Each structure stands twice: as structure tokens, then as C-alpha cells.
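Single-structure report; data block below.
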Amino acid sequence: MIKAFAFLLLLVDFVSTPSQAKLSILQPQPAAGFNVSHVQSAGSCSYTVDITTSCSSTRYTRDQISISFGDVYGNQIYAPRLDDPSSRTFESCSTDTFEIYGPCAYQICYVYLYRTGPDGWKPESVKIYSHNSRAVSFYYNTFIPSDIWYGFNLCQNASSSHRQSAYGWFIYVLVGLLVSLLL
């Protein structure tokens with residue numbers, strides 16, 4: 001009976017491990033077909049965006065940096081130029097805070113950065129705060145390629161995460177039933 005219980009615990013660990021591994025290897029990607037022309041002009045909500053530049057980035061950058069983020073419902077917020085070399089924006093080992101206004105969004109589930117220029121730039125992370133949703137962080141820790149939107153889109157995973165959660169609970173209930181039958 002102890003062997004059966006140990007086997008069931010091993011089964012639960014095996015079944016739950018792959019979904020955890022997927023979360024830990026999440027890396028920014030180029031945004032194929034991403035378009036900022038769908039941005040609504042109404043600016044009724046404010047967002048606080050903290051961008052931390054990596055210590056392994058260039059000491060400073062003269063590059064033009066833009067950001068776009070939004071929710072699963074198509075609410076898109078866009079700031080065309082965050083950079084300002086005269087104010088020492090995006091220096092290595094620093095965090096810059098921006099107030100960005102745009103349409104009201106629900107839970108932010110994607111963020112893309114756009115860089116153009118000769119210097120290069122390596123953000124560590126982007127954290128977005130809103131009154132309508134919980135704060136969300138995206139970890140880059142990689143140099144942003146030039147002239148392409150680059151980042152994360154977790155929106156398509158929003159509905160699948162609910163299914164994964166339900167699947168995980170189903171496995172736990174199944175294992176619990178098997179254990180009670182064996183005891």
C-alpha cells in the first residue's frame with residue numbers, strides 16, 4: 001500500500017512538472033504582424049510603467065524606445081517615444097518611471113518594446129501598474145533587436161491557463177480518490 005501511495009505522488013509530480021517548466025522558460029519574442037495603428041485615441045486611464053535597464057546594457061543609449069501594451073480585449077496603449085538622452089533615460093543599472101495615458105484596459109497581458117538606433121539597449125524588466133488590474137511584470141534581460149516590436153504576448157494563454165488549472169485540480173481529485181480506495 002505504501003508503494004501505491006508513493007507511485008501516486010510520483011505521478012502527480014510528473015503530471016504537474018511540465019506546466020511549471022513552460023512558465024520558467026518564457027522568453028521575449030518578435031511580434032509577428034503586430035500593428036500599433038489600432039490604438040484608440042481616447043485617453044481616459046493612466047498607467048505607471050517602470051522600466052529597469054540591465055547593468056549589462058550599454059552605459060547609456062541614444063536609441064529611440066517605444067512601448068505598447070494591452071489586454072486580451074484589444075485595448076492597446078502606445079507611447080511612441082520614451083527616450084530622452086538629455087535626462088539620462090535608460091542608463092545601465094537604472095529604473096525609469098513613466099506615466100502613460102490611454103484607453104482603459106483590463107488585465108495587461110502583453111507588452112512590446114521597439115528600439116531604433118545605433119547604440120543598443122538591454123532592459124531587465126518592465127512593470128506596469130494600473131487602477132483597473134493588478135501590477136504585471138515582464139522579464140526581458142536581453143538586448144532588444146533594432147526596428148522590430150519585441151516582447152511578450154500572454155493573452156492567448158489567458159484562457160488556456162484556466163483549463164490547465166482545472167486539469168491540475170482534476171488530477172488531484174483523481175489521485176485523492178485512488179488513495180482513498182487503496183486505504
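Each chain of the C-alpha cells is named A, B, ... in the order shown, its residues numbered from 1; ligands are numbered from 1 in display order.
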Could you give me, as a compact mmCIF listing (two decimals) with C-alpha atoms, in the first residue's frame, the residues within 8 Å of Asp63 of chain A, counting only C-alpha atoms and dropping anything in the same chain fewer than 4 positions from it?
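Dumped everything to result07.txt:
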# COMPACT_ATOMS: atom_id res chain seq x y z
CA ASP A 83 13.67 58.06 -24.60
CA ARG A 115 14.07 50.22 -30.41
CA THR A 116 15.69 52.00 -33.30
CA GLY A 117 19.18 53.49 -33.29
CA PRO A 118 22.91 52.64 -33.27
CA ASP A 119 23.64 52.04 -29.56
CA GLY A 120 21.67 49.00 -28.46
CA TRP A 121 19.76 48.60 -25.22
Checklist entry - Using only C-alpha atoms, which of A:Val36, A:Cys45, A:Leu154, A:Ala31 sits nearest Ala105 of chain A? => result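 Of the candidates, the smallest distance to Ala105 of chain A is held by A:Cys45.
Across A:Asp147, A:Tyr139, A:Asn35, A:Ser130, the tightest approach to Gln76 of chain A is made by A:Asn35 when counting only C-alpha atoms.
Atom CA of Gly70 of chain A to atom CA of Tyr110 of chain A spans 5.7 Å [interatomic distance, one decimal].
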Checklist entry - Which residue out of A:Ser133, A:Ser44, A:Gln156, A:Asn75 has the minimum interatomic distance to Ile100 of chain A when only C-alpha atoms are used? => result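 For Ile100 of chain A, the nearest of the given residues is A:Ser44.
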All residues 10 Å or closer to Ser54 of chain A, only C-alpha atoms, same chain fewer than 3 positions away omitted, as a CSV table (one decimal) with all heavy atoms, in the first residue's frame:
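The resulting result-v8.csv:
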chain,number,residue,atom,x,y,z
A,51,ILE,N,10.5,50.8,-16.1
A,51,ILE,CA,11.4,50.0,-16.9
A,51,ILE,C,12.8,50.0,-16.3
A,51,ILE,O,13.4,51.1,-16.1
A,51,ILE,CB,11.5,50.6,-18.4
A,51,ILE,CG1,10.1,50.6,-19.0
A,51,ILE,CG2,12.5,49.8,-19.2
A,51,ILE,CD1,10.0,51.1,-20.4
A,57,SER,N,23.7,46.4,-19.9
A,57,SER,CA,23.4,47.2,-21.1
A,57,SER,C,24.5,48.2,-21.3
A,57,SER,O,25.4,48.3,-20.5
A,57,SER,CB,22.1,47.9,-20.8
A,57,SER,OG,21.7,48.6,-22.0
A,58,THR,N,24.4,48.8,-22.5
A,58,THR,CA,25.4,49.9,-22.7
A,58,THR,C,25.2,51.0,-21.6
A,58,THR,O,24.1,51.1,-21.1
A,58,THR,CB,25.1,50.5,-24.1
A,58,THR,OG1,23.8,51.0,-24.2
A,58,THR,CG2,25.4,49.6,-25.2
A,59,ARG,N,26.2,51.8,-21.4
A,59,ARG,CA,26.2,52.8,-20.3
A,59,ARG,C,25.0,53.7,-20.4
A,59,ARG,O,24.4,54.1,-19.5
A,59,ARG,CB,27.5,53.5,-20.2
A,59,ARG,CG,27.7,54.2,-18.9
A,59,ARG,CD,29.1,54.8,-18.7
A,59,ARG,NE,28.9,56.2,-18.6
A,59,ARG,CZ,29.6,57.1,-19.3
A,59,ARG,NH1,30.6,56.7,-20.1
A,59,ARG,NH2,29.4,58.4,-19.2
A,90,PHE,N,17.2,55.5,-19.5
A,90,PHE,CA,17.7,54.2,-19.9
A,90,PHE,C,19.2,54.0,-19.8
A,90,PHE,O,19.8,53.3,-20.6
A,90,PHE,CB,17.3,53.9,-21.4
A,90,PHE,CG,15.8,53.9,-21.6
A,90,PHE,CD1,15.2,54.7,-22.5
A,90,PHE,CD2,14.9,53.1,-20.8
A,90,PHE,CE1,13.8,54.7,-22.7
A,90,PHE,CE2,13.6,53.2,-20.9
A,90,PHE,CZ,13.0,54.0,-21.9
A,91,GLU,N,19.8,54.6,-18.7
A,91,GLU,CA,21.2,54.3,-18.4
A,91,GLU,C,21.3,53.0,-17.8
A,91,GLU,O,20.3,52.5,-17.2
A,91,GLU,CB,21.8,55.4,-17.4
A,91,GLU,CG,22.0,56.7,-18.1
A,91,GLU,CD,22.8,57.6,-17.1
A,91,GLU,OE1,22.6,57.5,-15.9
A,91,GLU,OE2,23.6,58.5,-17.6
A,92,SER,N,22.4,52.3,-17.9
A,92,SER,CA,22.6,51.0,-17.3
A,92,SER,C,22.4,51.0,-15.8
A,92,SER,O,22.6,52.1,-15.1
A,92,SER,CB,23.9,50.4,-17.6
A,92,SER,OG,24.9,51.1,-17.1
A,93,CYS,N,21.8,50.0,-15.2
A,93,CYS,CA,21.6,49.8,-13.8
A,93,CYS,C,20.6,50.9,-13.2
A,93,CYS,O,20.8,51.4,-12.1
A,93,CYS,CB,22.9,49.9,-13.0
A,93,CYS,SG,24.0,48.6,-13.3
A,94,SER,N,19.6,51.3,-14.0
A,94,SER,CA,18.7,52.3,-13.5
A,94,SER,C,17.3,51.9,-13.8
A,94,SER,O,17.0,51.0,-14.7
A,94,SER,CB,19.0,53.7,-14.2
A,94,SER,OG,18.7,53.6,-15.6
A,95,THR,N,16.4,52.5,-13.1
A,95,THR,CA,14.9,52.3,-13.3
A,95,THR,C,14.3,53.6,-13.7
A,95,THR,O,14.5,54.6,-13.0
A,95,THR,CB,14.2,51.7,-12.1
A,95,THR,OG1,14.8,50.4,-11.8
A,95,THR,CG2,12.7,51.5,-12.3
A,121,TRP,N,20.3,48.4,-26.6
A,121,TRP,CA,19.8,48.6,-25.2
A,121,TRP,C,19.2,47.3,-24.7
A,121,TRP,O,18.6,46.5,-25.4
A,121,TRP,CB,18.6,49.6,-25.3
A,121,TRP,CG,17.9,49.8,-24.0
A,121,TRP,CD1,18.4,50.2,-22.8
A,121,TRP,CD2,16.5,49.6,-23.8
A,121,TRP,NE1,17.4,50.3,-21.9
A,121,TRP,CE2,16.2,49.9,-22.5
A,121,TRP,CE3,15.5,49.2,-24.7
A,121,TRP,CZ2,14.9,49.9,-22.0
A,121,TRP,CZ3,14.2,49.1,-24.1
A,121,TRP,CH2,14.0,49.5,-22.8
A,122,LYS,N,19.5,47.0,-23.4
A,122,LYS,CA,19.1,45.8,-22.8
A,122,LYS,C,18.3,46.1,-21.5
A,122,LYS,O,18.8,46.3,-20.5
A,122,LYS,CB,20.3,45.0,-22.4
A,122,LYS,CG,20.0,43.6,-21.8
A,122,LYS,CD,21.3,42.8,-21.4
A,122,LYS,CE,21.0,41.5,-20.9
A,122,LYS,NZ,22.3,40.8,-20.5
A,123,PRO,N,16.9,46.0,-21.7
A,123,PRO,CA,16.1,46.1,-20.5
A,123,PRO,C,16.2,44.9,-19.6
A,123,PRO,O,16.3,43.8,-20.1
A,123,PRO,CB,14.7,46.3,-21.0
A,123,PRO,CG,14.7,45.6,-22.3
A,123,PRO,CD,16.1,45.7,-22.9
A,124,GLU,N,16.1,45.1,-18.3
A,124,GLU,CA,16.0,43.9,-17.4
A,124,GLU,C,14.5,43.5,-17.2
A,124,GLU,O,14.2,42.4,-17.4
A,124,GLU,CB,16.6,44.4,-16.0
A,124,GLU,CG,16.5,43.3,-15.0
A,124,GLU,CD,17.6,42.2,-15.2
A,124,GLU,OE1,18.6,42.5,-15.8
A,124,GLU,OE2,17.4,41.1,-14.8
A,125,SER,N,13.7,44.5,-17.0
A,125,SER,CA,12.2,44.2,-16.8
A,125,SER,C,11.4,45.4,-17.1
A,125,SER,O,11.8,46.5,-17.1
A,125,SER,CB,12.0,43.7,-15.3
A,125,SER,OG,12.3,44.8,-14.4
A,140,TYR,N,12.7,40.7,-19.4
A,140,TYR,CA,13.4,40.7,-20.7
A,140,TYR,C,14.8,40.1,-20.5
A,140,TYR,O,15.1,39.0,-21.0
A,140,TYR,CB,13.5,42.1,-21.3
A,140,TYR,CG,12.3,42.5,-22.0
A,140,TYR,CD1,11.2,43.0,-21.3
A,140,TYR,CD2,12.2,42.4,-23.4
A,140,TYR,CE1,10.0,43.4,-22.0
A,140,TYR,CE2,11.0,42.8,-24.1
A,140,TYR,CZ,10.0,43.3,-23.4
A,140,TYR,OH,8.8,43.7,-24.0
A,141,ASN,N,15.7,40.9,-19.9
A,141,ASN,CA,17.1,40.5,-19.7
A,141,ASN,C,17.8,40.1,-21.0
A,141,ASN,O,18.6,39.1,-21.0
A,141,ASN,CB,17.3,39.4,-18.6
A,141,ASN,CG,18.7,39.4,-18.1
A,141,ASN,OD1,19.4,40.4,-18.1
A,141,ASN,ND2,19.1,38.3,-17.6
A,142,THR,N,17.5,40.8,-22.1
A,142,THR,CA,18.1,40.5,-23.4
A,142,THR,C,18.1,41.8,-24.2
A,142,THR,O,17.3,42.7,-23.9
A,142,THR,CB,17.4,39.4,-24.1
A,142,THR,OG1,18.1,39.1,-25.3
A,142,THR,CG2,16.0,39.9,-24.6
A,143,PHE,N,19.1,41.9,-25.1
A,143,PHE,CA,19.1,43.1,-25.9
A,143,PHE,C,17.9,43.1,-26.9
A,143,PHE,O,17.5,42.1,-27.4
A,143,PHE,CB,20.4,43.2,-26.7
A,143,PHE,CG,21.6,43.7,-25.9
A,143,PHE,CD1,22.4,42.7,-25.3
A,143,PHE,CD2,21.8,45.0,-25.8
A,143,PHE,CE1,23.5,43.2,-24.5
A,143,PHE,CE2,22.9,45.5,-25.0
A,143,PHE,CZ,23.7,44.6,-24.3
Checklist entry - Out of segment 26-168 of chain A, which residues get alpha helix (DSSP H) from DSSP, as a count of residues only? => result 13
Next on the checklist: Just want the 9 Å neighbourhood of Ser68 of chain A, counted on only C-alpha atoms, with same-chain residues fewer than 4 positions away dropped. Output as a list in words.
Outcome noted: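 Near Ser68 of chain A, the qualifying residues are Val36, Gln76, Ile77, Tyr78, Ala79, Pro80, Tyr110, Val111, Tyr112, Leu113, Tyr114 and Trp149 of chain A.
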Hey, can you spit out that residue selection with all heavy atoms as a tab-separated table (two decimals), in the first residue's frame?
chain	number	residue	atom	x	y	z
A	36	VAL	N	0.53	48.98	-34.37
A	36	VAL	CA	0.05	49.98	-33.41
A	36	VAL	C	-0.98	50.91	-34.02
A	36	VAL	O	-1.43	51.82	-33.37
A	36	VAL	CB	1.21	50.81	-32.80
A	36	VAL	CG1	2.09	49.94	-31.94
A	36	VAL	CG2	1.99	51.52	-33.87
A	76	GLN	N	-5.41	48.76	-26.42
A	76	GLN	CA	-3.98	48.90	-26.66
A	76	GLN	C	-3.51	50.29	-26.25
A	76	GLN	O	-4.11	51.29	-26.62
A	76	GLN	CB	-3.68	48.64	-28.13
A	76	GLN	CG	-2.21	48.63	-28.47
A	76	GLN	CD	-1.99	48.34	-29.94
A	76	GLN	OE1	-2.46	49.07	-30.80
A	76	GLN	NE2	-1.27	47.27	-30.21
A	77	ILE	N	-2.43	50.31	-25.48
A	77	ILE	CA	-1.83	51.56	-25.03
A	77	ILE	C	-0.49	51.68	-25.73
A	77	ILE	O	0.28	50.71	-25.80
A	77	ILE	CB	-1.65	51.58	-23.50
A	77	ILE	CG1	-3.03	51.47	-22.81
A	77	ILE	CG2	-0.95	52.84	-23.04
A	77	ILE	CD1	-3.50	50.10	-22.59
A	78	TYR	N	-0.17	52.88	-26.25
A	78	TYR	CA	1.04	53.07	-27.04
A	78	TYR	C	1.70	54.38	-26.65
A	78	TYR	O	1.04	55.42	-26.57
A	78	TYR	CB	0.65	53.08	-28.53
A	78	TYR	CG	1.74	53.48	-29.48
A	78	TYR	CD1	2.95	52.79	-29.55
A	78	TYR	CD2	1.55	54.56	-30.34
A	78	TYR	CE1	3.93	53.17	-30.44
A	78	TYR	CE2	2.53	54.94	-31.25
A	78	TYR	CZ	3.72	54.23	-31.29
A	78	TYR	OH	4.70	54.61	-32.18
A	79	ALA	N	3.00	54.32	-26.39
A	79	ALA	CA	3.80	55.52	-26.14
A	79	ALA	C	4.93	55.52	-27.16
A	79	ALA	O	5.84	54.69	-27.10
A	79	ALA	CB	4.36	55.53	-24.73
A	80	PRO	N	4.89	56.43	-28.14
A	80	PRO	CA	5.83	56.38	-29.27
A	80	PRO	C	7.28	56.72	-28.93
A	80	PRO	O	8.16	56.23	-29.59
A	80	PRO	CB	5.26	57.38	-30.26
A	80	PRO	CG	4.40	58.28	-29.46
A	80	PRO	CD	3.91	57.49	-28.30
A	110	TYR	N	0.01	41.68	-22.52
A	110	TYR	CA	1.12	41.72	-23.48
A	110	TYR	C	1.85	43.04	-23.36
A	110	TYR	O	1.29	44.06	-22.95
A	110	TYR	CB	0.65	41.47	-24.92
A	110	TYR	CG	-0.08	42.62	-25.58
A	110	TYR	CD1	0.62	43.66	-26.20
A	110	TYR	CD2	-1.47	42.66	-25.61
A	110	TYR	CE1	-0.05	44.70	-26.82
A	110	TYR	CE2	-2.14	43.70	-26.22
A	110	TYR	CZ	-1.43	44.71	-26.82
A	110	TYR	OH	-2.08	45.75	-27.42
A	111	VAL	N	3.12	43.01	-23.71
A	111	VAL	CA	3.94	44.22	-23.78
A	111	VAL	C	4.98	44.01	-24.88
A	111	VAL	O	5.54	42.92	-25.02
A	111	VAL	CB	4.62	44.57	-22.44
A	111	VAL	CG1	5.63	43.52	-22.01
A	111	VAL	CG2	5.30	45.94	-22.53
A	112	TYR	N	5.16	45.06	-25.68
A	112	TYR	CA	6.20	45.04	-26.71
A	112	TYR	C	7.01	46.32	-26.61
A	112	TYR	O	6.46	47.40	-26.37
A	112	TYR	CB	5.59	44.94	-28.11
A	112	TYR	CG	4.94	43.61	-28.38
A	112	TYR	CD1	3.56	43.52	-28.59
A	112	TYR	CD2	5.69	42.44	-28.43
A	112	TYR	CE1	2.96	42.30	-28.83
A	112	TYR	CE2	5.09	41.22	-28.66
A	112	TYR	CZ	3.74	41.16	-28.87
A	112	TYR	OH	3.14	39.95	-29.10
A	113	LEU	N	8.30	46.19	-26.80
A	113	LEU	CA	9.20	47.33	-26.87
A	113	LEU	C	9.72	47.45	-28.29
A	113	LEU	O	9.88	46.43	-28.98
A	113	LEU	CB	10.38	47.15	-25.90
A	113	LEU	CG	10.02	47.11	-24.42
A	113	LEU	CD1	11.23	46.70	-23.59
A	113	LEU	CD2	9.48	48.46	-23.96
A	114	TYR	N	9.98	48.67	-28.71
A	114	TYR	CA	10.52	48.93	-30.04
A	114	TYR	C	11.73	49.83	-29.88
A	114	TYR	O	11.67	50.84	-29.18
A	114	TYR	CB	9.47	49.62	-30.91
A	114	TYR	CG	9.86	49.78	-32.36
A	114	TYR	CD1	9.57	48.78	-33.27
A	114	TYR	CD2	10.51	50.92	-32.80
A	114	TYR	CE1	9.92	48.92	-34.61
A	114	TYR	CE2	10.87	51.06	-34.13
A	114	TYR	CZ	10.57	50.06	-35.03
A	114	TYR	OH	10.93	50.20	-36.35
A	149	TRP	N	9.11	45.17	-33.16
A	149	TRP	CA	8.43	45.08	-31.88
A	149	TRP	C	8.84	43.76	-31.24
A	149	TRP	O	8.81	42.72	-31.89
A	149	TRP	CB	6.92	45.15	-32.06
A	149	TRP	CG	6.45	46.53	-32.39
A	149	TRP	CD1	6.13	47.01	-33.62
A	149	TRP	CD2	6.30	47.61	-31.47
A	149	TRP	NE1	5.77	48.34	-33.52
A	149	TRP	CE2	5.87	48.73	-32.21
A	149	TRP	CE3	6.48	47.75	-30.10
A	149	TRP	CZ2	5.60	49.96	-31.62
A	149	TRP	CZ3	6.22	48.99	-29.51
A	149	TRP	CH2	5.79	50.06	-30.26
Checklist entry - A:Tyr101, A:Tyr129, A:Tyr47, A:Phe69: which is nearest Asn153 of chain A, counting only C-alpha atoms? => result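 Ranking A:Tyr101, A:Tyr129, A:Tyr47, A:Phe69 by distance to Asn153 of chain A, first place goes to A:Phe69.
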